Amino acid sequence: LKYKSFSDFATDLLGPWAGFFTGWTYWFCWVVTGIADDIAISGYANKLVPDIPLWIPGLATVAILLLLNLPTVKAFGETEFWFALIKIIAIVALIVTGLAMIFTGFTSDAGPATFSNLWSHGGFFANEFIGFAAGFQIAVFAFVGMELVGTTAAETKDPEKNLPKAINSIPVRVLLFYLAALIILMPVTPWTEFRAGHSPFIGMFSLAGLGIAATVVNLVVLASAMSSANSGIYSTSRMVFGLAQEGDAPAVFGRLSPRKVPRNALFLTCVLLLSGVVLLYAGDNVGKAFDMVTTVSAVCFMFVWPIILASYLAYRKRRARLHEASAFKMPGGRAMVWVVFAFFGFVLWALTTQPDTLMALLATPVWFVVLGIAWAVLRRRPVHVARSEAFRARLQAEVRQEADREGGGAGTAE
């Protein structure tokens, strides 16, 4: 079978229902994430040009991203390359500047720049364990996108070589962009000096005497939010395209443009992203609108990721020989899957510790009720009945093959 995204292997390994729920939930996650990015971009644009109406950057963002994604898949890749380069240069500049301030004994109103600031000022759990757990809502949202490798597989050149390389680079990037940046930020300025609504990046560069720090950092963050929104538009359009080809979405979204781009699916996502402009005026401020949509997105991703893991467990059980022949195996195998499941359970508990995240957590089942109703209608159609019967037949055949293989192995051992 040729997989176009991980909703396809969820369908193949867990059943048609899994592909339907995973595909549409993933699409919903990235639409919400794109709305969050649109809100963030409007906020940063307003800081750069204070008098600009919020709807202008919000609308311009959607138009620019649509134009970037319409030509070819290559255009998406080129755009992401430059967005990534901007982020890498900014993070490296931050780390180098911070290290120079630490090792030269820099002192500010907050005190000397020293690594001891990492564990002083109340230690790692100054606000107790609940305070630590509350940070996982935005932490989960920050790591959204790593699973995009699963949606690019069908369009990747030489996937056997390039996908392992891309996957193995993820831990390195996490260590550099998240951990290293934090380890440098907090020694220069103790966490007690950080204030909501004020970028610690801007604060550190300003301390270093860089007068244009605010403008530069706002431009970098603007590029980062554009990158995230760009990824969201790419992934949602491919997901809807795959769903349409399976009969889980209207057929109009399963058509390609002459340049092999799912144009109609792109238009659908971009139209929905415009709701971010409405949210800018619905709430009290940009920050509250952003917090609301990021929490909803994080909760929904907590459904998609476990489905991917469950698909892996089904693959290991039903296609053991294929797994044994694989040259790129998951470290830790089945045991690591259960460790990750336990971590997801912890994150769900963490979301119950704060009123706003708890509200989003309690509201999320509404989405799955809507999907459940839609699936109850769709599954009665002839094409879906045929797919379900084909899945059951394939499942029985694989179980028999595995039993025969184990029986043959036992006979040989005797």
# chains A, B, ... in the order shown; residues from 1 in each chain; ligands from 1
call {"tool": "select_by_dssp", "arguments": {"residues": "region 236-360 of chain A", "states": "helix (DSSP H, G or I)", "output": "compact mmCIF listing (two decimals) with C-alpha atoms, in the first residue's frame"}}
result
# COMPACT_ATOMS: atom_id res chain seq x y z
CA THR A 236 -3.87 20.52 6.11
CA SER A 237 -4.14 20.70 2.32
CA ARG A 238 -2.41 17.32 1.93
CA MET A 239 -4.52 15.77 4.67
CA VAL A 240 -7.82 16.93 3.14
CA PHE A 241 -6.60 15.79 -0.28
CA GLY A 242 -5.93 12.31 1.12
CA LEU A 243 -9.29 12.21 2.90
CA ALA A 244 -11.08 13.19 -0.30
CA GLN A 245 -9.38 10.40 -2.23
CA ALA A 251 -14.42 14.88 -3.91
CA VAL A 252 -13.73 18.48 -4.97
CA PHE A 253 -10.85 18.58 -2.47
CA GLY A 254 -9.22 15.53 -4.06
CA ARG A 263 -5.47 23.82 -4.88
CA ASN A 264 -9.05 23.44 -3.63
CA ALA A 265 -7.85 22.05 -0.31
CA LEU A 266 -5.48 25.02 0.00
CA PHE A 267 -8.35 27.45 -0.56
CA LEU A 268 -10.42 25.70 2.13
CA THR A 269 -7.68 26.07 4.75
CA CYS A 270 -6.96 29.71 3.88
CA VAL A 271 -10.63 30.67 4.12
CA LEU A 272 -10.84 29.11 7.58
CA LEU A 273 -7.64 30.88 8.69
CA SER A 275 -11.41 33.39 11.36
CA GLY A 276 -8.23 34.36 13.20
CA VAL A 277 -8.87 37.94 12.10
CA VAL A 278 -12.33 37.75 13.70
CA LEU A 279 -10.89 36.41 16.97
CA LEU A 280 -8.55 39.40 17.14
CA TYR A 281 -11.60 41.58 17.75
CA ALA A 282 -13.66 39.08 19.76
CA VAL A 286 -4.19 39.36 21.29
CA GLY A 287 -2.63 37.36 24.13
CA LYS A 288 -5.94 35.93 25.37
CA ALA A 289 -7.01 34.98 21.85
CA PHE A 290 -3.68 33.24 21.29
CA ASP A 291 -3.85 31.32 24.60
CA MET A 292 -7.36 30.10 23.82
CA VAL A 293 -6.61 28.63 20.42
CA THR A 294 -3.21 27.16 21.37
CA THR A 295 -4.81 25.22 24.22
CA VAL A 296 -7.48 23.77 21.93
CA SER A 297 -4.79 22.79 19.42
CA ALA A 298 -2.61 21.13 22.06
CA VAL A 299 -5.53 19.08 23.39
CA CYS A 300 -6.46 17.83 19.91
CA PHE A 301 -2.89 16.85 19.10
CA MET A 302 -3.03 14.70 22.23
CA PHE A 303 -5.42 12.48 20.25
CA VAL A 304 -3.44 12.36 17.00
CA TRP A 305 -0.07 11.37 18.47
CA PRO A 306 -1.40 8.34 20.42
CA ILE A 307 -3.12 7.12 17.23
CA ILE A 308 0.28 7.16 15.51
CA LEU A 309 1.75 5.13 18.38
CA ALA A 310 -1.17 2.69 18.35
CA SER A 311 -0.60 2.19 14.61
CA TYR A 312 3.02 1.34 15.35
CA LEU A 313 1.98 -1.27 17.93
CA ALA A 314 -0.44 -2.82 15.43
CA TYR A 315 2.31 -2.87 12.80
CA ARG A 316 4.71 -4.64 15.17
CA LYS A 317 2.09 -7.25 16.03
CA ARG A 318 0.67 -7.95 12.57
CA ALA A 320 6.58 -8.64 12.45
CA ARG A 321 8.63 -9.78 9.45
CA LEU A 322 8.46 -6.35 7.85
CA HIS A 323 9.61 -4.79 11.10
CA GLU A 324 12.50 -7.21 11.38
CA ALA A 325 13.58 -6.35 7.84
CA GLY A 333 10.43 -0.32 20.50
CA ARG A 334 7.20 -1.21 22.27
CA ALA A 335 8.49 -0.22 25.72
CA MET A 336 9.11 3.36 24.63
CA VAL A 337 5.57 3.57 23.23
CA TRP A 338 4.14 2.87 26.68
CA VAL A 339 6.50 5.41 28.23
CA VAL A 340 5.16 8.02 25.80
CA PHE A 341 1.57 6.99 26.57
CA ALA A 342 2.31 7.57 30.26
CA PHE A 343 3.75 11.00 29.47
CA PHE A 344 0.62 11.92 27.51
CA GLY A 345 -1.44 10.91 30.53
CA PHE A 346 0.65 13.28 32.65
CA VAL A 347 0.10 16.12 30.16
CA LEU A 348 -3.67 15.58 30.19
CA TRP A 349 -3.58 15.76 33.99
CA ALA A 350 -1.48 18.93 33.76
CA LEU A 351 -4.16 20.53 31.59
CA PRO A 355 -8.94 26.92 34.67
CA ASP A 356 -8.36 27.99 31.05
CA THR A 357 -6.73 24.73 29.95
CA LEU A 358 -9.34 22.71 31.82
CA MET A 359 -12.08 24.53 29.93
CA ALA A 360 -10.46 23.67 26.60
call {"tool": "residues_around", "arguments": {"residues": "Val174 (chain A)", "least_positions_apart": "3", "cutoff": "12 Å", "atoms": "only C-alpha atoms", "output": "list in words"}}
result
Ile88, Ile91, Ala139, Ala142, Phe143, Met146, Ile167, Asn168, Ser169, Ile170, Pro171, Phe177, Tyr178, Leu179, Ala180, Ala181 and Leu182 of chain A
call {"tool": "write_last_selection", "arguments": {"atoms": "N, CA, C and O atoms", "output": "PDB file, in the first residue's frame"}}
result
ATOM      1  N   ILE A  88      17.539  29.911  12.817  1.00  0.00           N
ATOM      2  CA  ILE A  88      18.820  29.357  13.249  1.00  0.00           C
ATOM      3  C   ILE A  88      19.828  30.473  13.548  1.00  0.00           C
ATOM      4  O   ILE A  88      20.514  30.462  14.575  1.00  0.00           O
ATOM      5  N   ILE A  91      18.869  32.154  16.884  1.00  0.00           N
ATOM      6  CA  ILE A  91      19.169  31.349  18.069  1.00  0.00           C
ATOM      7  C   ILE A  91      20.672  31.292  18.315  1.00  0.00           C
ATOM      8  O   ILE A  91      21.142  31.415  19.465  1.00  0.00           O
ATOM      9  N   ALA A 139       4.166  24.100  26.154  1.00  0.00           N
ATOM     10  CA  ALA A 139       5.291  23.258  25.733  1.00  0.00           C
ATOM     11  C   ALA A 139       4.833  22.255  24.674  1.00  0.00           C
ATOM     12  O   ALA A 139       5.517  22.039  23.670  1.00  0.00           O
ATOM     13  N   ALA A 142       4.401  23.985  21.470  1.00  0.00           N
ATOM     14  CA  ALA A 142       5.674  24.357  20.850  1.00  0.00           C
ATOM     15  C   ALA A 142       6.255  23.227  20.014  1.00  0.00           C
ATOM     16  O   ALA A 142       6.989  23.481  19.051  1.00  0.00           O
ATOM     17  N   PHE A 143       5.947  21.981  20.376  1.00  0.00           N
ATOM     18  CA  PHE A 143       6.516  20.848  19.660  1.00  0.00           C
ATOM     19  C   PHE A 143       5.605  20.317  18.558  1.00  0.00           C
ATOM     20  O   PHE A 143       5.930  19.331  17.904  1.00  0.00           O
ATOM     21  N   MET A 146       6.435  18.223  14.582  1.00  0.00           N
ATOM     22  CA  MET A 146       7.450  17.182  14.375  1.00  0.00           C
ATOM     23  C   MET A 146       6.886  16.009  13.572  1.00  0.00           C
ATOM     24  O   MET A 146       7.620  15.325  12.859  1.00  0.00           O
ATOM     25  N   ILE A 167      14.444  12.738  10.610  1.00  0.00           N
ATOM     26  CA  ILE A 167      13.955  12.321  11.928  1.00  0.00           C
ATOM     27  C   ILE A 167      15.068  12.379  12.968  1.00  0.00           C
ATOM     28  O   ILE A 167      14.878  12.859  14.094  1.00  0.00           O
ATOM     29  N   ASN A 168      16.252  11.914  12.608  1.00  0.00           N
ATOM     30  CA  ASN A 168      17.370  11.897  13.560  1.00  0.00           C
ATOM     31  C   ASN A 168      17.861  13.296  13.914  1.00  0.00           C
ATOM     32  O   ASN A 168      18.510  13.482  14.959  1.00  0.00           O
ATOM     33  N   SER A 169      17.569  14.278  13.063  1.00  0.00           N
ATOM     34  CA  SER A 169      18.005  15.642  13.356  1.00  0.00           C
ATOM     35  C   SER A 169      17.091  16.342  14.361  1.00  0.00           C
ATOM     36  O   SER A 169      17.471  17.378  14.932  1.00  0.00           O
ATOM     37  N   ILE A 170      15.901  15.792  14.603  1.00  0.00           N
ATOM     38  CA  ILE A 170      14.942  16.444  15.492  1.00  0.00           C
ATOM     39  C   ILE A 170      15.481  16.604  16.912  1.00  0.00           C
ATOM     40  O   ILE A 170      15.396  17.705  17.486  1.00  0.00           O
ATOM     41  N   PRO A 171      16.038  15.549  17.556  1.00  0.00           N
ATOM     42  CA  PRO A 171      16.566  15.751  18.915  1.00  0.00           C
ATOM     43  C   PRO A 171      17.645  16.826  18.983  1.00  0.00           C
ATOM     44  O   PRO A 171      17.708  17.589  19.949  1.00  0.00           O
ATOM     45  N   PHE A 177      17.482  24.630  19.866  1.00  0.00           N
ATOM     46  CA  PHE A 177      16.519  25.723  19.818  1.00  0.00           C
ATOM     47  C   PHE A 177      15.767  25.932  21.126  1.00  0.00           C
ATOM     48  O   PHE A 177      15.289  27.038  21.390  1.00  0.00           O
ATOM     49  N   TYR A 178      15.624  24.905  21.939  1.00  0.00           N
ATOM     50  CA  TYR A 178      14.856  25.039  23.178  1.00  0.00           C
ATOM     51  C   TYR A 178      15.759  25.006  24.408  1.00  0.00           C
ATOM     52  O   TYR A 178      15.852  25.977  25.155  1.00  0.00           O
ATOM     53  N   LEU A 179      16.432  23.886  24.610  1.00  0.00           N
ATOM     54  CA  LEU A 179      17.200  23.708  25.835  1.00  0.00           C
ATOM     55  C   LEU A 179      18.377  24.669  25.917  1.00  0.00           C
ATOM     56  O   LEU A 179      18.563  25.363  26.927  1.00  0.00           O
ATOM     57  N   ALA A 180      19.197  24.729  24.854  1.00  0.00           N
ATOM     58  CA  ALA A 180      20.377  25.597  24.893  1.00  0.00           C
ATOM     59  C   ALA A 180      19.979  27.062  25.045  1.00  0.00           C
ATOM     60  O   ALA A 180      20.612  27.815  25.796  1.00  0.00           O
ATOM     61  N   ALA A 181      18.919  27.472  24.352  1.00  0.00           N
ATOM     62  CA  ALA A 181      18.481  28.864  24.456  1.00  0.00           C
ATOM     63  C   ALA A 181      18.045  29.204  25.882  1.00  0.00           C
ATOM     64  O   ALA A 181      18.383  30.271  26.415  1.00  0.00           O
ATOM     65  N   LEU A 182      17.315  28.291  26.527  1.00  0.00           N
ATOM     66  CA  LEU A 182      16.876  28.531  27.900  1.00  0.00           C
ATOM     67  C   LEU A 182      18.054  28.543  28.869  1.00  0.00           C
ATOM     68  O   LEU A 182      18.108  29.360  29.800  1.00  0.00           O
TER      69      LEU A 182
END
call {"tool": "select_by_dssp", "arguments": {"residues": "region 21-264 of chain A", "states": "strand (DSSP E)", "output": "PyMOL selection string"}}
result
chain A and resi 107-108+111-112
call {"tool": "write_last_selection", "arguments": {"atoms": "all heavy atoms", "output": "tab-separated table (two decimals), in the first residue's frame"}}
result
chain	number	residue	atom	x	y	z
A	107	THR	N	27.07	42.42	34.46
A	107	THR	CA	26.18	42.69	35.59
A	107	THR	C	25.12	43.69	35.18
A	107	THR	O	25.41	44.69	34.51
A	107	THR	CB	26.97	43.25	36.79
A	107	THR	OG1	27.97	42.30	37.18
A	107	THR	CG2	26.05	43.50	37.97
A	108	SER	N	23.87	43.40	35.57
A	108	SER	CA	22.75	44.30	35.30
A	108	SER	C	22.04	44.61	36.61
A	108	SER	O	22.49	44.20	37.69
A	108	SER	CB	21.78	43.66	34.31
A	108	SER	OG	21.16	42.52	34.90
A	111	GLY	N	21.43	41.70	38.75
A	111	GLY	CA	22.57	41.00	39.34
A	111	GLY	C	23.52	40.48	38.28
A	111	GLY	O	23.34	40.73	37.08
A	112	PRO	N	24.54	39.73	38.68
A	112	PRO	CA	25.53	39.23	37.73
A	112	PRO	C	24.99	38.09	36.87
A	112	PRO	O	24.09	37.36	37.29
A	112	PRO	CB	26.67	38.73	38.63
A	112	PRO	CG	25.98	38.37	39.91
A	112	PRO	CD	24.87	39.36	40.07
call {"tool": "residues_around", "arguments": {"residues": "Phe205 (chain A)", "least_positions_apart": "2", "cutoff": "12 Å", "atoms": "only C-alpha atoms", "output": "compact mmCIF listing (two decimals) with N, CA and C atoms, in the first residue's frame"}}
result
# COMPACT_ATOMS: atom_id res chain seq x y z
N ALA A 90 19.18 33.52 14.41
CA ALA A 90 18.77 34.24 15.62
C ALA A 90 19.13 33.47 16.89
N ILE A 91 18.87 32.15 16.88
CA ILE A 91 19.17 31.35 18.07
C ILE A 91 20.67 31.29 18.32
N ALA A 93 22.89 33.50 17.42
CA ALA A 93 23.30 34.83 17.89
C ALA A 93 22.97 35.00 19.37
N LEU A 94 21.80 34.50 19.78
CA LEU A 94 21.40 34.57 21.19
C LEU A 94 22.37 33.79 22.07
N ILE A 95 22.71 32.58 21.65
CA ILE A 95 23.59 31.73 22.45
C ILE A 95 24.99 32.34 22.56
N VAL A 96 25.52 32.81 21.45
CA VAL A 96 26.87 33.41 21.45
C VAL A 96 26.90 34.66 22.31
N THR A 97 25.89 35.52 22.16
CA THR A 97 25.82 36.76 22.95
C THR A 97 25.70 36.44 24.44
N GLY A 98 24.84 35.47 24.77
CA GLY A 98 24.65 35.11 26.17
C GLY A 98 25.91 34.54 26.80
N ALA A 100 28.96 35.11 25.92
CA ALA A 100 29.93 36.21 26.09
C ALA A 100 29.61 37.02 27.34
N MET A 101 28.32 37.27 27.59
CA MET A 101 27.92 38.04 28.78
C MET A 101 28.21 37.27 30.07
N LEU A 185 19.57 31.96 28.43
CA LEU A 185 18.72 33.08 28.83
C LEU A 185 18.68 33.28 30.34
N VAL A 188 21.68 34.87 32.36
CA VAL A 188 21.85 36.30 32.14
C VAL A 188 20.80 37.09 32.90
N THR A 189 19.57 36.64 32.82
CA THR A 189 18.47 37.30 33.53
C THR A 189 17.68 36.25 34.31
N SER A 199 9.40 40.05 25.75
CA SER A 199 10.26 38.98 25.25
C SER A 199 11.59 38.93 25.98
N PRO A 200 11.96 37.76 26.57
CA PRO A 200 13.28 37.63 27.19
C PRO A 200 14.41 37.75 26.17
N PHE A 201 14.12 37.40 24.92
CA PHE A 201 15.12 37.55 23.85
C PHE A 201 15.46 39.03 23.66
N ILE A 202 14.42 39.85 23.57
CA ILE A 202 14.63 41.29 23.40
C ILE A 202 15.37 41.84 24.62
N GLY A 203 14.97 41.37 25.81
CA GLY A 203 15.61 41.85 27.04
C GLY A 203 17.09 41.57 27.07
N LEU A 207 20.16 44.34 26.91
CA LEU A 207 21.20 44.42 27.93
C LEU A 207 22.59 44.42 27.30
N ALA A 208 22.71 43.73 26.18
CA ALA A 208 24.01 43.65 25.51
C ALA A 208 24.32 44.93 24.73
N GLY A 209 23.39 45.89 24.73
CA GLY A 209 23.64 47.15 24.07
C GLY A 209 23.20 47.21 22.63
N LEU A 210 22.38 46.26 22.22
CA LEU A 210 21.89 46.26 20.84
C LEU A 210 20.59 47.04 20.78
N GLY A 211 20.65 48.27 20.35
CA GLY A 211 19.50 49.16 20.39
C GLY A 211 18.35 48.73 19.49
N ILE A 212 18.67 48.03 18.42
CA ILE A 212 17.61 47.62 17.49
C ILE A 212 17.10 46.21 17.83
N ALA A 213 17.39 45.75 19.06
CA ALA A 213 17.03 44.38 19.44
C ALA A 213 15.55 44.11 19.28
N ALA A 214 14.70 45.05 19.72
CA ALA A 214 13.26 44.81 19.67
C ALA A 214 12.78 44.61 18.24
N THR A 215 13.27 45.44 17.34
CA THR A 215 12.85 45.33 15.94
C THR A 215 13.32 44.02 15.32
N VAL A 216 14.59 43.67 15.55
CA VAL A 216 15.16 42.45 14.97
C VAL A 216 14.45 41.21 15.50
N VAL A 217 14.26 41.14 16.82
CA VAL A 217 13.63 39.95 17.41
C VAL A 217 12.18 39.84 16.97
call {"tool": "closest_residue", "arguments": {"among": "A:Ile373, A:Ala403, A:Ala363, A:Ala327", "to": "Glu160 (chain A)", "atoms": "only C-alpha atoms"}}
result
A:Ala327
call {"tool": "closest_atom_pairs", "arguments": {"of": "region 16-125 of chain A", "to": "region 377-382 of chain A", "cutoff": "12 Å", "atoms": "only C-alpha atoms", "output": "CSV"}}
result
residue,atom,partner,partner_atom,distance
A:Pro16,CA,A:Arg379,CA,8.9
A:Trp17,CA,A:Arg379,CA,8.4
A:Phe20,CA,A:Leu378,CA,9.9
call {"tool": "closest_residue", "arguments": {"among": "A:Ala166, A:Ile130, A:Ala376, A:Leu68", "to": "Asn230 (chain A)", "atoms": "only C-alpha atoms"}}
result
A:Leu68
call {"tool": "closest_residue", "arguments": {"among": "A:Glu193, A:Gln354, A:Asn46, A:Ser326", "to": "Gly131 (chain A)", "atoms": "only C-alpha atoms"}}
result
A:Gln354
call {"tool": "closest_residue", "arguments": {"among": "A:Glu128, A:Asp248, A:Glu398, A:Glu147", "to": "Val383 (chain A)", "atoms": "only C-alpha atoms"}}
result
A:Asp248
call {"tool": "residues_around", "arguments": {"residues": "Thr11 (chain A)", "least_positions_apart": "5", "cutoff": "10 Å", "atoms": "only C-alpha atoms", "output": "list of chain:residue names"}}
result
A:Tyr3, A:Phe6, A:Pro16, A:Trp17, A:Ala18, A:Gly19, A:Phe20, A:Phe21, A:Thr22, A:Gly23, A:Glu246, A:Ser311, A:Arg387, A:Ser388, A:Phe391
call {"tool": "atom_distance", "arguments": {"atom1": "CA of Leu395 (chain A)", "atom2": "CA of Arg319 (chain A)"}}
result
10.5 Å
call {"tool": "residues_around", "arguments": {"residues": "Phe115 (chain A)", "least_positions_apart": "5", "cutoff": "10 Å", "atoms": "only C-alpha atoms", "output": "ChimeraX atom specification"}}
result
/A:102-103,120,183-188,190
call {"tool": "write_last_selection", "arguments": {"atoms": "N, CA, C and O atoms", "output": "mmCIF file, in the first residue's frame"}}
result
data_model
loop_
_atom_site.group_PDB
_atom_site.id
_atom_site.type_symbol
_atom_site.label_atom_id
_atom_site.label_comp_id
_atom_site.auth_asym_id
_atom_site.auth_seq_id
_atom_site.Cartn_x
_atom_site.Cartn_y
_atom_site.Cartn_z
ATOM 1 N N ILE A 102 28.016 35.951 30.031
ATOM 2 C CA ILE A 102 28.260 35.128 31.223
ATOM 3 C C ILE A 102 29.741 35.067 31.559
ATOM 4 O O ILE A 102 30.157 35.268 32.714
ATOM 5 N N PHE A 103 30.570 34.796 30.543
ATOM 6 C CA PHE A 103 31.996 34.592 30.800
ATOM 7 C C PHE A 103 32.780 35.886 30.957
ATOM 8 O O PHE A 103 33.945 35.860 31.372
ATOM 9 N N SER A 120 19.098 28.956 41.520
ATOM 10 C CA SER A 120 18.763 29.839 42.639
ATOM 11 C C SER A 120 17.387 30.464 42.403
ATOM 12 O O SER A 120 16.661 30.046 41.509
ATOM 13 N N ILE A 183 18.999 27.631 28.659
ATOM 14 C CA ILE A 183 20.169 27.556 29.542
ATOM 15 C C ILE A 183 21.012 28.829 29.461
ATOM 16 O O ILE A 183 21.690 29.204 30.408
ATOM 17 N N ILE A 184 20.956 29.517 28.340
ATOM 18 C CA ILE A 184 21.690 30.771 28.186
ATOM 19 C C ILE A 184 20.868 31.963 28.677
ATOM 20 O O ILE A 184 21.397 32.897 29.294
ATOM 21 N N LEU A 185 19.569 31.960 28.431
ATOM 22 C CA LEU A 185 18.723 33.084 28.831
ATOM 23 C C LEU A 185 18.682 33.280 30.341
ATOM 24 O O LEU A 185 18.853 34.395 30.841
ATOM 25 N N MET A 186 18.441 32.200 31.082
ATOM 26 C CA MET A 186 18.195 32.327 32.518
ATOM 27 C C MET A 186 19.430 32.693 33.341
ATOM 28 O O MET A 186 19.292 33.376 34.360
ATOM 29 N N PRO A 187 20.650 32.305 32.946
ATOM 30 C CA PRO A 187 21.804 32.811 33.693
ATOM 31 C C PRO A 187 22.008 34.320 33.527
ATOM 32 O O PRO A 187 22.442 34.989 34.460
ATOM 33 N N VAL A 188 21.681 34.866 32.364
ATOM 34 C CA VAL A 188 21.848 36.298 32.141
ATOM 35 C C VAL A 188 20.801 37.090 32.903
ATOM 36 O O VAL A 188 21.100 38.089 33.567
ATOM 37 N N PRO A 190 17.671 36.303 35.641
ATOM 38 C CA PRO A 190 16.925 35.318 36.431
ATOM 39 C C PRO A 190 15.461 35.263 36.017
ATOM 40 O O PRO A 190 14.882 36.274 35.587
#
call {"tool": "atom_distance", "arguments": {"atom1": "CA of Ile35 (chain A)", "atom2": "CA of Ser235 (chain A)"}}
result
14.2 Å
call {"tool": "atom_distance", "arguments": {"atom1": "CA of Trp375 (chain A)", "atom2": "CA of Pro250 (chain A)"}}
result
13.6 Å
call {"tool": "closest_residue", "arguments": {"among": "A:Leu163, A:Leu13, A:Val369, A:Met226", "to": "Pro57 (chain A)", "atoms": "only C-alpha atoms"}}
result
A:Met226
